[in-house]
file structure09.pdb (PDB, C-alpha atoms and all ligand atoms)
ATOM      1  CA  MET A 800     -48.670  22.998 -18.303
ATOM      2  CA  ASN A 801     -48.628  19.285 -19.174
ATOM      3  CA  ARG A 802     -44.849  19.404 -19.328
ATOM      4  CA  ILE A 803     -44.670  20.848 -15.824
ATOM      5  CA  VAL A 804     -46.956  18.123 -14.475
ATOM      6  CA  ALA A 805     -44.936  15.442 -16.279
ATOM      7  CA  THR A 806     -41.666  16.856 -14.897
ATOM      8  CA  LEU A 807     -43.019  17.012 -11.352
ATOM      9  CA  LEU A 808     -44.332  13.454 -11.693
ATOM     10  CA  GLY A 809     -40.917  12.338 -12.950
ATOM     11  CA  VAL A 810     -39.140  13.995 -10.029
ATOM     12  CA  PHE A 811     -41.610  12.490  -7.569
ATOM     13  CA  LEU A 812     -41.236   8.985  -9.005
ATOM     14  CA  THR A 813     -37.428   9.264  -8.979
ATOM     15  CA  LEU A 814     -37.468  10.350  -5.335
ATOM     16  CA  ALA A 815     -39.860   7.511  -4.457
ATOM     17  CA  VAL A 816     -37.586   4.948  -6.159
ATOM     18  CA  LEU A 817     -34.506   6.370  -4.409
ATOM     19  CA  ALA A 818     -36.267   6.285  -1.041
ATOM     20  CA  ALA A 819     -37.320   2.662  -1.635
ATOM     21  CA  LEU A 820     -33.745   1.742  -2.594
ATOM     22  CA  ALA A 821     -32.431   3.477   0.521
ATOM     23  CA  LEU A 822     -34.821   1.448   2.692
ATOM     24  CA  VAL A 823     -33.784  -1.800   0.971
ATOM     25  CA  TYR A 824     -30.120  -0.818   1.510
ATOM     26  CA  LEU A 825     -30.682  -0.182   5.227
ATOM     27  CA  ARG A 826     -32.516  -3.503   5.657
ATOM     28  CA  THR A 827     -30.072  -5.647   3.704
ATOM     29  CA  SER A 828     -26.829  -4.013   4.905
ATOM     30  CA  GLY A 829     -28.063  -3.631   8.485
ATOM     31  CA  LEU A 830     -25.618  -0.666   8.464
ATOM     32  CA  THR A 831     -23.136  -3.177   9.823
ATOM     33  CA  ALA A 832     -19.518  -2.134  10.280
ATOM     34  CA  ARG A 833     -18.507  -5.778   9.792
ATOM     35  CA  ALA A 834     -18.829  -5.768   5.987
ATOM     36  CA  GLU A 835     -15.953  -4.941   3.639
ATOM     37  CA  PRO A 836     -16.373  -2.069   1.128
ATOM     38  CA  GLY A 837     -16.294  -3.373  -2.482
ATOM     39  CA  PRO A 838     -13.163  -2.709  -4.621
ATOM     40  CA  LEU A 839     -14.898  -0.002  -6.668
ATOM     41  CA  GLU A 840     -16.110   1.826  -3.579
ATOM     42  CA  ALA A 841     -12.699   1.483  -1.903
ATOM     43  CA  SER A 842     -10.801   2.907  -4.874
ATOM     44  CA  LEU A 843     -13.322   5.737  -5.342
ATOM     45  CA  ALA A 844     -13.004   6.574  -1.635
ATOM     46  CA  ARG A 845      -9.195   6.592  -1.820
ATOM     47  CA  ALA A 846      -9.278   8.805  -4.919
ATOM     48  CA  ALA A 847     -11.682  11.226  -3.197
ATOM     49  CA  ARG A 848      -9.455  11.249  -0.114
ATOM     50  CA  SER A 849      -6.370  12.137  -2.197
ATOM     51  CA  PHE A 850      -8.331  14.800  -4.052
ATOM     52  CA  ALA A 851      -9.259  16.376  -0.702
ATOM     53  CA  VAL A 852      -5.597  16.874   0.286
ATOM     54  CA  PRO A 853      -4.581  20.520  -0.318
ATOM     55  CA  PRO A 854      -2.451  20.478  -3.538
ATOM     56  CA  ASP A 855       0.444  22.382  -1.945
ATOM     57  CA  LEU A 856       0.703  19.702   0.763
ATOM     58  CA  LEU A 857       0.474  16.700  -1.567
ATOM     59  CA  ASP A 858       4.060  16.993  -2.842
ATOM     60  CA  VAL A 859       5.717  18.175   0.364
ATOM     61  CA  SER A 860       8.354  15.772   1.612
ATOM     62  CA  ASN A 861       8.946  15.283   5.320
ATOM     63  CA  PRO A 862      10.580  18.463   6.734
ATOM     64  CA  GLU A 863      11.624  16.702   9.963
ATOM     65  CA  PRO A 864      14.972  14.908  10.118
ATOM     66  CA  ARG A 865      14.811  11.113  10.369
ATOM     67  CA  THR A 866      17.063  10.494  13.369
ATOM     68  CA  PRO A 867      17.076   7.491  15.763
ATOM     69  CA  GLU A 868      15.682   9.830  18.481
ATOM     70  CA  VAL A 869      12.802  10.913  16.241
ATOM     71  CA  LEU A 870      11.976   7.290  15.364
ATOM     72  CA  ALA A 871      12.130   6.262  19.044
ATOM     73  CA  GLU A 872       9.777   9.082  20.051
ATOM     74  CA  ALA A 873       7.359   8.267  17.222
ATOM     75  CA  LEU A 874       7.445   4.564  18.169
ATOM     76  CA  GLY A 875       6.206   5.410  21.662
ATOM     77  CA  HIS A 876       3.636   7.871  20.341
ATOM     78  CA  TYR A 877       2.332   5.290  17.841
ATOM     79  CA  ALA A 878       2.187   2.485  20.437
ATOM     80  CA  ASP A 879       0.206   4.774  22.733
ATOM     81  CA  HIS A 880      -2.207   6.455  20.288
ATOM     82  CA  CYS A 881      -2.430   4.371  17.124
ATOM     83  CA  ALA A 882      -1.803   0.708  17.958
ATOM     84  CA  VAL A 883      -5.299   0.136  19.394
ATOM     85  CA  CYS A 884      -6.577   0.214  15.791
ATOM     86  CA  HIS A 885      -3.491  -0.211  13.607
ATOM     87  CA  GLY A 886      -1.616  -2.793  15.730
ATOM     88  CA  ASN A 887       1.984  -2.324  16.834
ATOM     89  CA  ASP A 888       3.126  -4.059  13.631
ATOM     90  CA  GLY A 889       0.919  -1.819  11.447
ATOM     91  CA  SER A 890      -1.168  -4.765  10.196
ATOM     92  CA  GLY A 891      -4.472  -3.353  11.464
ATOM     93  CA  LYS A 892      -5.224  -6.832  12.871
ATOM     94  CA  THR A 893      -6.680  -5.694  16.193
ATOM     95  CA  PRO A 894     -10.237  -6.174  17.468
ATOM     96  CA  VAL A 895     -10.936  -2.451  16.994
ATOM     97  CA  GLY A 896      -9.117  -2.115  13.653
ATOM     98  CA  GLN A 897     -11.022  -5.083  12.197
ATOM     99  CA  GLY A 898     -14.364  -4.010  13.664
ATOM    100  CA  THR A 899     -14.658  -0.636  11.954
ATOM    101  CA  TRP A 900     -15.985   0.226   8.490
ATOM    102  CA  PRO A 901     -13.801   0.621   6.572
ATOM    103  CA  LYS A 902     -11.279  -1.537   8.427
ATOM    104  CA  ALA A 903      -7.866  -0.201   9.433
ATOM    105  CA  PRO A 904      -5.633  -1.088   6.453
ATOM    106  CA  ASP A 905      -2.304  -2.954   6.646
ATOM    107  CA  MET A 906      -0.036   0.092   6.515
ATOM    108  CA  ARG A 907       3.036  -1.997   5.569
ATOM    109  CA  PHE A 908       1.535  -2.591   2.114
ATOM    110  CA  ALA A 909       2.100  -0.579  -1.066
ATOM    111  CA  ALA A 910      -1.303   1.161  -0.881
ATOM    112  CA  THR A 911      -0.182   3.073   2.227
ATOM    113  CA  GLN A 912       3.562   3.192   1.568
ATOM    114  CA  GLY A 913       2.806   4.623  -1.898
ATOM    115  CA  LEU A 914       1.053   7.681  -0.410
ATOM    116  CA  SER A 915       3.165  10.847  -0.372
ATOM    117  CA  ASP A 916       4.606  12.195   2.893
ATOM    118  CA  GLY A 917       2.224  15.154   2.606
ATOM    119  CA  GLU A 918      -0.822  12.912   2.211
ATOM    120  CA  LEU A 919       0.156  10.742   5.210
ATOM    121  CA  PHE A 920       0.679  13.934   7.248
ATOM    122  CA  HIS A 921      -2.691  15.325   6.172
ATOM    123  CA  ILE A 922      -4.474  12.065   7.083
ATOM    124  CA  ILE A 923      -2.828  11.973  10.537
ATOM    125  CA  GLU A 924      -3.538  15.640  11.241
ATOM    126  CA  GLN A 925      -7.077  15.794   9.866
ATOM    127  CA  GLY A 926      -8.364  12.214  10.112
ATOM    128  CA  VAL A 927     -10.668  10.705   7.484
ATOM    129  CA  ARG A 928     -14.326  11.672   7.579
ATOM    130  CA  PHE A 929     -16.893   8.819   7.616
ATOM    131  CA  THR A 930     -14.233   6.423   8.959
ATOM    132  CA  ALA A 931     -12.853   5.597  12.407
ATOM    133  CA  MET A 932      -9.587   7.436  11.645
ATOM    134  CA  PRO A 933      -9.411  10.391  14.085
ATOM    135  CA  GLY A 934      -7.716  13.710  13.308
ATOM    136  CA  TRP A 935      -4.830  14.392  15.696
ATOM    137  CA  SER A 936      -3.858  17.983  14.898
ATOM    138  CA  THR A 937      -3.372  20.270  17.879
ATOM    139  CA  GLY A 938      -2.757  23.427  15.839
ATOM    140  CA  THR A 939       0.709  23.800  17.382
ATOM    141  CA  PRO A 940       4.158  23.531  15.722
ATOM    142  CA  GLU A 941       5.044  20.762  18.221
ATOM    143  CA  GLY A 942       1.907  18.845  17.205
ATOM    144  CA  ALA A 943       2.754  19.195  13.505
ATOM    145  CA  ALA A 944       6.327  18.019  14.170
ATOM    146  CA  ALA A 945       4.966  14.983  16.072
ATOM    147  CA  SER A 946       2.761  14.112  13.074
ATOM    148  CA  TRP A 947       5.742  14.368  10.692
ATOM    149  CA  HIS A 948       7.634  12.060  13.078
ATOM    150  CA  LEU A 949       4.746   9.594  12.805
ATOM    151  CA  VAL A 950       5.082   9.794   9.007
ATOM    152  CA  HIS A 951       8.717   8.656   9.414
ATOM    153  CA  PHE A 952       7.528   5.855  11.673
ATOM    154  CA  ILE A 953       4.858   4.681   9.192
ATOM    155  CA  ARG A 954       7.588   4.457   6.536
ATOM    156  CA  HIS A 955       9.565   2.335   9.004
ATOM    157  CA  LEU A 956       6.685  -0.125   9.723
ATOM    158  CA  PRO A 957       7.664  -2.633   6.988
ATOM    159  CA  ASN A 958      11.127  -2.937   8.620
ATOM    160  CA  LEU A 959      10.203  -3.131  12.324
ATOM    161  CA  THR A 960      12.584  -5.325  14.301
ATOM    162  CA  GLN A 961      11.590  -7.865  16.951
ATOM    163  CA  ASP A 962      13.258  -5.621  19.552
ATOM    164  CA  GLU A 963      11.158  -2.644  18.537
ATOM    165  CA  LEU A 964       7.957  -4.737  18.617
ATOM    166  CA  GLU A 965       8.801  -5.890  22.137
ATOM    167  CA  ARG A 966       9.474  -2.311  23.266
ATOM    168  CA  MET A 967       6.112  -1.273  21.821
ATOM    169  CA  GLY A 968       4.418  -4.136  23.663
ATOM    170  CA  THR A 969       5.460  -2.524  26.948
ATOM    171  CA  LEU A 970       4.180   0.901  25.840
ATOM    172  CA  THR A 971       0.769  -0.042  24.426
ATOM    173  CA  PRO A 972      -2.015   0.956  26.852
ATOM    174  CA  ARG A 973      -3.307  -2.000  28.856
ATOM    175  CA  SER A 974      -6.495  -2.488  30.821
ATOM    176  CA  PRO A 975      -6.336  -2.902  34.630
ATOM    177  CA  ASP A 976      -7.233  -6.575  34.052
ATOM    178  CA  GLU A 977      -4.246  -7.109  31.773
ATOM    179  CA  ILE A 978      -1.917  -5.332  34.210
ATOM    180  CA  ARG A 979      -3.213  -7.483  37.072
ATOM    181  CA  GLN A 980      -2.665 -10.680  35.060
ATOM    182  CA  GLU A 981       0.878  -9.578  34.224
ATOM    183  CA  ILE A 982       1.717  -8.879  37.866
ATOM    184  CA  GLU A 983       0.216 -12.220  38.934
ATOM    185  CA  ALA A 984       2.172 -14.069  36.247
ATOM    186  CA  GLU A 985       5.354 -12.266  37.321
ATOM    187  CA  GLN A 986       4.772 -13.189  40.991
ATOM    188  CA  PHE A 987       4.033 -16.780  40.021
ATOM    189  CA  LEU A 988       7.245 -17.016  37.974
ATOM    190  CA  GLN A 989       9.237 -15.652  40.900
ATOM    191  CA  GLY A 990       7.639 -18.263  43.135
ATOM    192  CA  GLY A 991       5.980 -15.521  45.133
ATOM    193  CA  ASP A 992       2.574 -15.268  46.726
ATOM    194  CA  PRO A 993      -0.029 -16.142  44.044
ATOM    195  CA  SER A 994      -2.784 -14.206  45.868
ATOM    196  CA  PRO A 995      -4.933 -11.998  43.586
ATOM    197  CA  VAL A 996      -3.665  -8.475  42.930
ATOM    198  CA  HIS A 997      -6.042  -5.517  43.024
ATOM    199  CA  VAL A 998      -5.564  -2.841  40.389
ATOM    200  CA  HIS A 999      -7.804   0.170  40.193
TER     201      HIS A 999
HETATM  202  C1  LIG A1001     -10.007   4.375  16.327
HETATM  203  C2  LIG A1001      -9.200   3.720  15.351
HETATM  204  C3  LIG A1001      -7.974   4.428  14.802
HETATM  205  C4  LIG A1001      -6.976   5.062  15.511
HETATM  206  C5  LIG A1001      -6.841   5.245  17.015
HETATM  207  C6  LIG A1001      -6.035   5.508  14.519
HETATM  208  N1  LIG A1001      -6.447   5.155  13.260
HETATM  209 FE1  LIG A1001      -5.463   5.542  11.515
HETATM  210  N2  LIG A1001      -7.008   4.706  10.463
HETATM  211  C7  LIG A1001      -8.106   4.085  11.013
HETATM  212  C8  LIG A1001      -8.966   3.608   9.938
HETATM  213  C9  LIG A1001     -10.276   2.891  10.117
HETATM  214  C10 LIG A1001      -8.343   3.979   8.736
HETATM  215  C11 LIG A1001      -8.857   3.749   7.317
HETATM  216  C12 LIG A1001      -9.453   5.048   6.806
HETATM  217  C13 LIG A1001      -9.805   4.991   5.345
HETATM  218  O1  LIG A1001     -10.171   3.927   4.851
HETATM  219  O2  LIG A1001      -9.723   6.047   4.681
HETATM  220  C14 LIG A1001      -7.108   4.646   9.102
HETATM  221  C15 LIG A1001      -6.211   5.156   8.182
HETATM  222  C16 LIG A1001      -4.963   5.661   8.503
HETATM  223  C17 LIG A1001      -3.966   6.058   7.537
HETATM  224  C18 LIG A1001      -4.121   5.958   6.019
HETATM  225  C19 LIG A1001      -3.672   4.592   5.553
HETATM  226  C20 LIG A1001      -4.231   4.203   4.218
HETATM  227  O3  LIG A1001      -3.515   3.583   3.419
HETATM  228  O4  LIG A1001      -5.417   4.453   3.969
HETATM  229  C21 LIG A1001      -2.877   6.498   8.229
HETATM  230  C22 LIG A1001      -1.566   7.010   7.662
HETATM  231  C23 LIG A1001      -3.204   6.377   9.640
HETATM  232  N3  LIG A1001      -4.474   5.878   9.774
HETATM  233  C24 LIG A1001      -2.350   6.717  10.669
HETATM  234  C25 LIG A1001      -2.716   6.709  12.021
HETATM  235  C26 LIG A1001      -1.861   7.197  13.084
HETATM  236  C27 LIG A1001      -0.443   7.709  12.902
HETATM  237  C28 LIG A1001      -2.573   7.090  14.238
HETATM  238  C29 LIG A1001      -2.172   7.504  15.644
HETATM  239  C30 LIG A1001      -1.738   8.854  15.839
HETATM  240  C31 LIG A1001      -3.873   6.496  13.903
HETATM  241  N4  LIG A1001      -3.908   6.287  12.544
HETATM  242  C32 LIG A1001      -4.860   6.185  14.820
HETATM  243  C33 LIG A1001      -8.369   3.940  12.356
HETATM  244  C34 LIG A1001      -7.630   4.487  13.388
END
call {"tool": "encode", "arguments": {"input": "structure09.pdb", "output": "structure tokens"}}
result
Amino acid sequence: MNRIVATLLGVFLTLAVLAALALVYLRTSGLTARAEPGPLEASLARAARSFAVPPDLLDVSNPEPRTPEVLAEALGHYADHCAVCHGNDGSGKTPVGQGTWPKAPDMRFAATQGLSDGELFHIIEQGVRFTAMPGWSTGTPEGAAASWHLVHFIRHLPNLTQDELERMGTLTPRSPDEIRQEIEAEQFLQGGDPSPVHVH
């Protein structure tokens, strides 16, 4: 009987300590997305993420051909869907990419480039739970092919040319404000009427 009471007391005290620690964590961290995960947490999270990739996918290499057309299509797709967080150059240095927890990584670096094709594909299709990385799968063969094309494009990020970056700049979604400013600047440069432009 005494042992049962002692065990229950032990469990209760452990729970109370954990609850107190959780409250201290909430207060001190403020649950802010601005902080950076520590190196231990980051490497544990990456290991868990790799472990969650289905083993038969982990070693698959890209089944889609890497042609100039495929890269051009993926460039447009990336500029439209991914650049808001990852940046056209893949650096992750965008207001959204730097404001999430964890932050969008610089995908030109070894940590990303060292992931297998299958793991990159899985991340793009399924997203990463507890992070801002969305899953993009559509469940269609065309959708899967588009994700494999993006894998080719991610491999190409470290070698982007100035031309490609400029092309992406024209494809990245812009707010009505930005479009208006561009039109006004264009009119000004052409010596045209500098009157305000309305964009809805
Ligand atoms: C809303 C922001 C957001 C968008 C949009 C987004 N991502 Fe991400 N992505 C993230 C974040 C944050 C991470 C880091 C996740 C982590 O730490 O596990 C990430 C991680 C990744 C990774 C893994 C890189 C690594 O080394 O951990 C790949 C690959 C990736 N994204 C590709 C894409 C592609 C391709 C698209 C567009 C189809 C895209 N992302 C759109 C936020 C975003």
call {"tool": "resolve_selection", "arguments": {"input": "structure09.pdb", "expression": "the PyMOL selection byres (((chain A and resi 925-936) around 8) and not hetatm)", "output": "list in words"}}
result
Arg848, Thr899, Trp900, Pro901, His921, Ile922, Ile923, Glu924, Thr937, Gly938, Thr939, Gly942, Ala943 and Ser946 of chain A
call {"tool": "residues_around", "arguments": {"input": "structure09.pdb", "residues": "A:Thr971", "least_positions_apart": "5", "cutoff": "8 Å", "atoms": "only C-alpha atoms", "output": "PyMOL selection string"}}
result
chain A and resi 878-879+882-883
call {"tool": "atom_distance", "arguments": {"input": "structure09.pdb", "atom1": "atom O3 of ligand LIG 1001 (chain A)", "atom2": "atom CA of A:Leu914"}}
result
7.2 Å
call {"tool": "atom_distance", "arguments": {"input": "structure09.pdb", "atom1": "atom C25 of ligand LIG 1001 (chain A)", "atom2": "atom CA of A:Leu839"}}
result
23.3 Å
call {"tool": "residues_around", "arguments": {"input": "structure09.pdb", "residues": "A:Ala903", "least_positions_apart": "4", "cutoff": "10 Å", "atoms": "all atoms listed in the file", "output": "PyMOL selection string"}}
result
chain A and resi 884-886+889-893+895-899+930-932
call {"tool": "atom_distance", "arguments": {"input": "structure09.pdb", "atom1": "atom CA of A:Glu985", "atom2": "atom CA of A:Gly968"}}
result
15.9 Å
call {"tool": "axis_aligned_box", "arguments": {"input": "structure09.pdb", "around": "stretch 858-862 of chain A", "padding_each_side": "6 Å", "output": "AutoDock Vina command-line options"}}
result
--center_x 7.3 --center_y 16.9 --center_z 1.9 --size_x 18.5 --size_y 15.2 --size_z 21.6
call {"tool": "closest_residue", "arguments": {"input": "structure09.pdb", "among": "A:Leu857, A:Ala945, A:Ala871, A:Val852", "to": "ligand LIG 1001 (chain A)", "atoms": "all atoms listed in the file"}}
result
A:Ala945
call {"tool": "residues_around", "arguments": {"input": "structure09.pdb", "residues": "A:Val859", "least_positions_apart": "5", "cutoff": "10 Å", "atoms": "all atoms listed in the file", "output": "number ranges by chain"}}
result
A: 854, 915-918, 920
call {"tool": "write_last_selection", "arguments": {"input": "structure09.pdb", "atoms": "C-alpha atoms", "output": "PDB file, in the frame of the given file"}}
result
ATOM      1  CA  PRO A 854      -2.451  20.478  -3.538  1.00  0.00           C
ATOM      2  CA  SER A 915       3.165  10.847  -0.372  1.00  0.00           C
ATOM      3  CA  ASP A 916       4.606  12.195   2.893  1.00  0.00           C
ATOM      4  CA  GLY A 917       2.224  15.154   2.606  1.00  0.00           C
ATOM      5  CA  GLU A 918      -0.822  12.912   2.211  1.00  0.00           C
ATOM      6  CA  PHE A 920       0.679  13.934   7.248  1.00  0.00           C
TER       7      PHE A 920
END
call {"tool": "closest_residue", "arguments": {"input": "structure09.pdb", "among": "A:Pro862, A:Pro838, A:Pro975, A:Pro853", "to": "ligand LIG 1001 (chain A)", "atoms": "all atoms listed in the file"}}
result
A:Pro838
call {"tool": "closest_residue", "arguments": {"input": "structure09.pdb", "among": "A:Gly991, A:Pro972, A:Gly809, A:Pro867", "to": "ligand LIG 1001 (chain A)", "atoms": "all atoms listed in the file"}}
result
A:Pro972
call {"tool": "decode", "arguments": {"input": "structure09.pdb", "residues": "stretch 867-929 of chain A", "atoms": "C-alpha atoms", "output": "PDB file, in the first residue's frame"}}
result
ATOM      1  CA  PRO A 867      16.377  23.154 -70.137  1.00  0.00           C
ATOM      2  CA  GLU A 868      12.551  23.113 -70.540  1.00  0.00           C
ATOM      3  CA  VAL A 869      12.098  21.335 -67.206  1.00  0.00           C
ATOM      4  CA  LEU A 870      14.424  23.801 -65.450  1.00  0.00           C
ATOM      5  CA  ALA A 871      12.632  26.778 -67.044  1.00  0.00           C
ATOM      6  CA  GLU A 872       9.231  25.477 -65.928  1.00  0.00           C
ATOM      7  CA  ALA A 873      10.494  24.787 -62.400  1.00  0.00           C
ATOM      8  CA  LEU A 874      12.062  28.270 -62.243  1.00  0.00           C
ATOM      9  CA  GLY A 875       8.660  29.850 -62.864  1.00  0.00           C
ATOM     10  CA  HIS A 876       6.929  27.482 -60.455  1.00  0.00           C
ATOM     11  CA  TYR A 877       9.514  28.227 -57.740  1.00  0.00           C
ATOM     12  CA  ALA A 878       9.348  32.011 -58.274  1.00  0.00           C
ATOM     13  CA  ASP A 879       5.565  31.843 -57.965  1.00  0.00           C
ATOM     14  CA  HIS A 880       5.114  29.403 -55.055  1.00  0.00           C
ATOM     15  CA  CYS A 881       8.349  29.207 -53.079  1.00  0.00           C
ATOM     16  CA  ALA A 882      10.218  32.515 -53.353  1.00  0.00           C
ATOM     17  CA  VAL A 883       7.989  34.317 -50.826  1.00  0.00           C
ATOM     18  CA  CYS A 884       9.770  32.299 -48.111  1.00  0.00           C
ATOM     19  CA  HIS A 885      12.895  30.899 -49.770  1.00  0.00           C
ATOM     20  CA  GLY A 886      13.842  33.938 -51.905  1.00  0.00           C
ATOM     21  CA  ASN A 887      14.478  33.710 -55.639  1.00  0.00           C
ATOM     22  CA  ASP A 888      18.160  33.020 -54.905  1.00  0.00           C
ATOM     23  CA  GLY A 889      17.302  30.263 -52.390  1.00  0.00           C
ATOM     24  CA  SER A 890      18.905  32.151 -49.481  1.00  0.00           C
ATOM     25  CA  GLY A 891      15.717  32.255 -47.397  1.00  0.00           C
ATOM     26  CA  LYS A 892      16.462  35.953 -46.750  1.00  0.00           C
ATOM     27  CA  THR A 893      12.906  37.231 -47.156  1.00  0.00           C
ATOM     28  CA  PRO A 894      10.701  38.874 -44.519  1.00  0.00           C
ATOM     29  CA  VAL A 895       8.524  35.743 -44.352  1.00  0.00           C
ATOM     30  CA  GLY A 896      11.399  33.235 -44.517  1.00  0.00           C
ATOM     31  CA  GLN A 897      13.235  34.992 -41.672  1.00  0.00           C
ATOM     32  CA  GLY A 898      10.094  35.489 -39.583  1.00  0.00           C
ATOM     33  CA  THR A 899       9.133  31.843 -39.159  1.00  0.00           C
ATOM     34  CA  TRP A 900      10.341  29.293 -36.602  1.00  0.00           C
ATOM     35  CA  PRO A 901      12.396  27.531 -37.732  1.00  0.00           C
ATOM     36  CA  LYS A 902      13.570  29.982 -40.391  1.00  0.00           C
ATOM     37  CA  ALA A 903      13.680  29.037 -44.071  1.00  0.00           C
ATOM     38  CA  PRO A 904      17.217  27.652 -44.544  1.00  0.00           C
ATOM     39  CA  ASP A 905      19.704  28.771 -47.220  1.00  0.00           C
ATOM     40  CA  MET A 906      19.052  25.958 -49.690  1.00  0.00           C
ATOM     41  CA  ARG A 907      22.314  26.614 -51.594  1.00  0.00           C
ATOM     42  CA  PHE A 908      24.287  25.247 -48.631  1.00  0.00           C
ATOM     43  CA  ALA A 909      25.500  21.685 -48.064  1.00  0.00           C
ATOM     44  CA  ALA A 910      22.800  20.901 -45.468  1.00  0.00           C
ATOM     45  CA  THR A 911      20.114  21.072 -48.176  1.00  0.00           C
ATOM     46  CA  GLN A 912      22.202  20.054 -51.188  1.00  0.00           C
ATOM     47  CA  GLY A 913      23.341  16.970 -49.231  1.00  0.00           C
ATOM     48  CA  LEU A 914      19.754  15.681 -48.898  1.00  0.00           C
ATOM     49  CA  SER A 915      18.847  12.896 -51.327  1.00  0.00           C
ATOM     50  CA  ASP A 916      16.533  13.561 -54.287  1.00  0.00           C
ATOM     51  CA  GLY A 917      13.905  11.386 -52.593  1.00  0.00           C
ATOM     52  CA  GLU A 918      14.083  13.361 -49.347  1.00  0.00           C
ATOM     53  CA  LEU A 919      13.791  16.720 -51.159  1.00  0.00           C
ATOM     54  CA  PHE A 920      10.801  15.328 -53.092  1.00  0.00           C
ATOM     55  CA  HIS A 921       9.164  14.066 -49.901  1.00  0.00           C
ATOM     56  CA  ILE A 922       9.641  17.443 -48.167  1.00  0.00           C
ATOM     57  CA  ILE A 923       8.136  19.332 -51.135  1.00  0.00           C
ATOM     58  CA  GLU A 924       5.197  16.947 -51.475  1.00  0.00           C
ATOM     59  CA  GLN A 925       4.406  16.511 -47.784  1.00  0.00           C
ATOM     60  CA  GLY A 926       5.743  19.677 -46.132  1.00  0.00           C
ATOM     61  CA  VAL A 927       7.328  19.639 -42.671  1.00  0.00           C
ATOM     62  CA  ARG A 928       5.024  19.450 -39.675  1.00  0.00           C
ATOM     63  CA  PHE A 929       5.489  22.097 -36.935  1.00  0.00           C
TER      64      PHE A 929
END
